[in-house]
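Down below is the structure, laid out as structure tokens.
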Amino acid sequence: MRASRLVTLLLLLQNRGRMTARQLAEELEVSVRTVYRDVEALAAAGIPLYGDAGHAGGYRLLDGYRTRLTGLTGDEAQAAFLTALPEAAAQLGLGEALATARLKLDAALPAALREHAGRIRQRFLLDAPGWYGDADRAPHPHLGAVATAVWERRAVLLRYRRWRAPEEIERRVEPYGLVLKAGRWYLVAGGESGLRTYRVDQILGLRLLKEEPSTAPPAGFDLAAHWHAYLADFRARLHTGEALVRVTAEGARRLGLTLSGGAEWTEARVPIESVEHAHGEFLRLGADVEVLAPAELRDRIAGTVRKLAARYDAS
């Protein structure tokens, strides 16, 4: 909307000083001609800005002028809490609101603090997803609807794909919160089966039950505390087995183990998720590890090594 764009243009000039019409057009994602019209509208409204011609020219506000149009809208207030995660804000449809919220926050700061905040943004960046994780590259088609359900406390009927049979299920759930973990979105919701966590990218279909009254989490529910408890339980269930290994100092380092003294090799017991998973994980360590037990895991690794040796000898 034009009113929002005019406010943004005004805040850009207040926060950054002199800017050319082309720079403003790029920031606002409009044409240079549109910037000219917006500048004329602001001048007509009594805003003390003027333009200088020439190579070093541009538009700027009269020295000392500061707008008081720094109040945040509802969307901007929501987006403000995602300032360190611009991609997450964009996926939730709050990208534009976040950009405007940042400008308003900057405008509300004294000059010294605004300069300090700018230095921080230039020097530090939070990139949440892991290096090799298959993170969500684009917003999932149902993420917006899930976010709406969470925000409005509305029950939903979702069709979900899970790993065990039956693989496709349909459930009525009451959304309590959204979590972004390593680039993936998770929905925490209650229902007949209790409190559950659902991967948003595994949701096949979703219908907002608008005719039902708003739902609320149980008394005392805390999303952060629940998520940390969920992760702890997940890790406990994940590592149900154990392997006895001999490792070098390098192997121990890569496994997160600490060798005692100056031993070149040491024995250690390492929790494992399964024989299949451990097989791949220990193969990555190459000659820096020897699996002693369980026998099934040792035999499987030995068989893979023999196949590799035969393949490389043949080539």
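Ordering of the structure tokens sets the chain letters (A, B, ...); residue numbers start at 1 within each chain; ligands are numbered from 1 in the order shown.
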Mind dumping a table of every segment 204-303 of chain A residue within 9 Å of segment 177-190 of chain A, with the nearest atom pair and its distance in Å to one decimal, using only C-alpha atoms, sorted by chain and rising number, as JSON lines?
{"residue": "A:Pro217", "atom": "CA", "partner": "A:Gly190", "partner_atom": "CA", "distance": 7.7}
{"residue": "A:Leu223", "atom": "CA", "partner": "A:Gly177", "partner_atom": "CA", "distance": 6.6}
{"residue": "A:Ala224", "atom": "CA", "partner": "A:Val179", "partner_atom": "CA", "distance": 8.8}
{"residue": "A:His226", "atom": "CA", "partner": "A:Val188", "partner_atom": "CA", "distance": 8.9}
{"residue": "A:Trp227", "atom": "CA", "partner": "A:Val179", "partner_atom": "CA", "distance": 8.1}
(message) Residues near Val247 of chain A, anyone? I mean within 7 Å using only C-alpha atoms, not counting same-chain ones fewer than 4 positions away, as a ChimeraX atom specification.
(response) /A:251-252,265-267,288-290
(request) Tell me which of A:Ala147, A:Arg235, A:Arg207, A:Val200 sits closest to Arg171 of chain A, counting only C-alpha atoms. (result)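 That would be A:Arg207, the residue with the smallest distance to Arg171 of chain A.
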(request) Step one, run DSSP on the backbone; step two, keep only residues of segment 141-292 of chain A assigned to strand (DSSP E or B); then write them as JSON, numbers by chain. (result) {"A": [156, 157, 158, 159, 160, 161, 168, 169, 170, 171, 172, 173, 174, 175, 176, 177, 178, 179, 180, 181, 184, 185, 186, 187, 188, 189, 190, 191, 196, 197, 198, 199, 203, 204, 205, 206, 207, 208, 241, 242, 243, 244, 245, 246, 247, 248, 265, 266, 267, 268, 269, 270, 271, 272, 289, 290, 291, 292]}
(request) Write out as a list of chain:residue names each polymer residue whose atoms come within 10 Å of Arg159 of chain A, counting only C-alpha atoms; drop sequence neighbours fewer than 5 positions from it. (result) A:Glu168, A:Ile169, A:Glu170, A:Arg171, A:Arg172, A:Gln202, A:Ile203, A:Leu204, A:Gly205, A:Leu206, A:Arg207
(message) What does the structure give for the distance between atom CA of Arg269 of chain A and atom CA of Leu283 of chain A, in Å to one decimal?
(response) 16.6 Å
(request) Quick one: everything within 9 Å of segment 143-146 of chain A, counting only C-alpha atoms, minus sequence neighbours fewer than 2 positions away in the same chain. Send it as a ChimeraX atom specification. (result) /A:91-93,139-141,148-151,156,175,178,185,187,200-201,206-208
(request) Go ahead and compute the interatomic distance for atom CA of Ala219 of chain A and atom CA of Arg162 of chain A, in Å to one decimal. (result) 28.8 Å
(message) Can you measure atom CA of Val173 of chain A to atom CA of Phe221 of chain A for me? One decimal in Å is fine.
(response)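 The value is 16.0 Å.
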(request) Can you work out which one of A:Glu167, A:Glu242, A:Glu40, A:Glu212 has the shortest atom-to-atom distance to Glu273 of chain A, counting only C-alpha atoms? (result)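 Ranked by minimum distance to Glu273 of chain A, first place goes to A:Glu242.
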(request) Have a look at A:Leu6, A:Val270, A:Asp313, A:Val291 and name the one nearest to Ile47 of chain A; count only C-alpha atoms. (result) A:Leu6
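Distances from A:Leu13, A:Ala310, A:Thr248, A:Leu209 to Gly286 of chain A were compared using only C-alpha atoms, and the smallest one belongs to A:Thr248.
Distances here use only C-alpha atoms; by that measure, the residue among A:Tyr59, A:Arg5, A:Glu152, A:Pro48 closest to Ala21 of chain A is A:Tyr59.
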